[in-house]
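What follows is a set of notes on a single structure, which appears directly below.
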Amino acid sequence: MRTIRNIIPAPSSHIAEDEVYGDGDGRYRISFRVNDVFREAKSHAGEVEMLHTCAPGEEYGREGSFPYLAVQFDDAVFDAVEEYKESGTVTGASEITALSEPFYFRAKMEYFGDVMYFYAMDCCDGSWENVGLCMVYPEAYVGTEDERTLMRVLDEAAESYREVRI
């Protein structure tokens, strides 16, 4: 069982930024604003970019810590976005809201025993298809003020999301 902590957002945030490759020689700078209680962490997963874990008072986050915010393109995210593109819905989503560019929708769904609240999109001029800007957290947060805080943190990241070809 994971330790569940109260989520107390920092009064400040920072810009998370990374350079990634799309198709061919296309390079892109992806950025978004993230609350300072979330710190950058290294990820060894090939389908996770820009991982930030909840790490109050720490210089860096830790892979495997929860809650976390990341750009993800694993099978669960890919399949959910693909299903939405084909049918306008996502099986198993407890909440879903259609959006406009750059996002197709935002949704909340079960994710390997946890909960994932995410914004769905294609990145890098479409060369990265069916991607999510995701917040993953333990199910124990559902319906709490902590969950609402985590959702606001991701909403701020989505509102500030930028992608520029460089």
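Chain identifiers are assigned as A, B, and so on, following the order in which chains appear in the structure tokens; residues are numbered from 1 within each chain, and ligands are numbered from 1 in order of appearance.
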How would you write, as a compact mmCIF listing (two decimals) with C-alpha atoms, in the first residue's frame, the set of residues in segment 20-161 of chain A that DSSP gives as strand (DSSP E)?
# COMPACT_ATOMS: atom_id res chain seq x y z
CA VAL A 20 11.99 15.90 -28.61
CA TYR A 21 12.14 14.46 -32.11
CA ARG A 27 12.75 18.70 -33.53
CA TYR A 28 10.25 20.22 -31.15
CA ARG A 29 10.33 22.09 -27.87
CA ILE A 30 7.48 21.04 -25.61
CA SER A 31 6.75 23.09 -22.51
CA PHE A 32 4.12 23.58 -19.84
CA ARG A 33 3.80 25.18 -16.41
CA VAL A 34 3.88 22.83 -13.42
CA ASN A 35 3.40 23.55 -9.73
CA PHE A 38 6.17 18.54 -8.61
CA ARG A 39 9.82 18.02 -9.45
CA GLU A 40 11.47 16.57 -12.52
CA VAL A 48 7.03 8.44 -20.61
CA GLU A 49 8.40 11.93 -21.27
CA MET A 50 8.77 14.91 -18.97
CA LEU A 51 8.07 12.98 -15.75
CA HIS A 52 7.41 15.11 -12.66
CA THR A 53 6.61 13.49 -9.32
CA CYS A 54 5.14 15.00 -6.19
CA TYR A 68 3.03 12.07 -10.98
CA LEU A 69 2.56 14.26 -14.03
CA ALA A 70 3.98 13.22 -17.39
CA VAL A 71 3.53 13.12 -21.15
CA GLN A 72 2.65 9.50 -21.88
CA ALA A 93 -13.86 6.77 -18.51
CA SER A 94 -15.65 8.09 -15.44
CA GLU A 95 -15.47 11.63 -16.83
CA ILE A 96 -14.88 12.85 -20.36
CA THR A 97 -15.06 16.35 -21.86
CA ALA A 98 -14.55 17.18 -25.54
CA PHE A 103 -6.44 18.61 -27.14
CA TYR A 104 -9.14 16.21 -28.30
CA PHE A 105 -10.60 15.69 -24.83
CA ARG A 106 -9.83 15.36 -21.15
CA ALA A 107 -10.88 12.31 -19.18
CA LYS A 108 -10.52 10.46 -15.93
CA MET A 109 -10.21 6.67 -15.90
CA GLU A 110 -8.83 3.69 -14.01
CA TYR A 111 -5.16 3.11 -14.78
CA ASP A 114 -4.64 3.92 -9.94
CA VAL A 115 -6.49 6.84 -11.52
CA MET A 116 -5.36 8.81 -14.54
CA TYR A 117 -6.72 12.27 -15.31
CA PHE A 118 -5.42 13.29 -18.72
CA TYR A 119 -5.62 15.53 -21.75
CA ALA A 120 -5.47 13.69 -25.11
CA MET A 121 -3.61 15.01 -28.14
CA ASP A 122 -1.31 14.33 -31.07
CA CYS A 123 2.15 15.93 -30.80
CA TRP A 128 3.40 11.38 -32.08
CA GLU A 129 -0.17 10.13 -32.21
CA ASN A 130 -2.51 9.42 -29.31
CA VAL A 131 -0.55 11.03 -26.49
CA GLY A 132 -1.70 12.14 -23.06
CA LEU A 133 -0.65 14.93 -20.74
CA CYS A 134 -1.36 12.88 -17.63
CA MET A 135 -1.72 13.06 -13.86
CA VAL A 136 -1.63 9.60 -12.25
CA TYR A 137 -2.54 9.17 -8.59
CA PRO A 138 -3.74 6.53 -6.12
For the alpha helix (DSSP H) assignment from backbone DSSP, which residues of segment 9-166 of chain A qualify? Please present them as a ChimeraX atom specification. /A:75-87,145-160
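Across the model, the gap from atom CA of Tyr161 of chain A to atom CA of Gly24 of chain A is 23.2 Å.
Restricting the calculation to only C-alpha atoms, the smallest distance between Val164 of chain A and any of A:Cys124, A:Ala140, A:Gly46, A:Ile7 is found for A:Cys124.
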Selected residue, from A:Glu139, A:Glu47, A:Glu156, A:Asp125, that lies nearest to His14 of chain A when counting only C-alpha atoms: A:Glu156
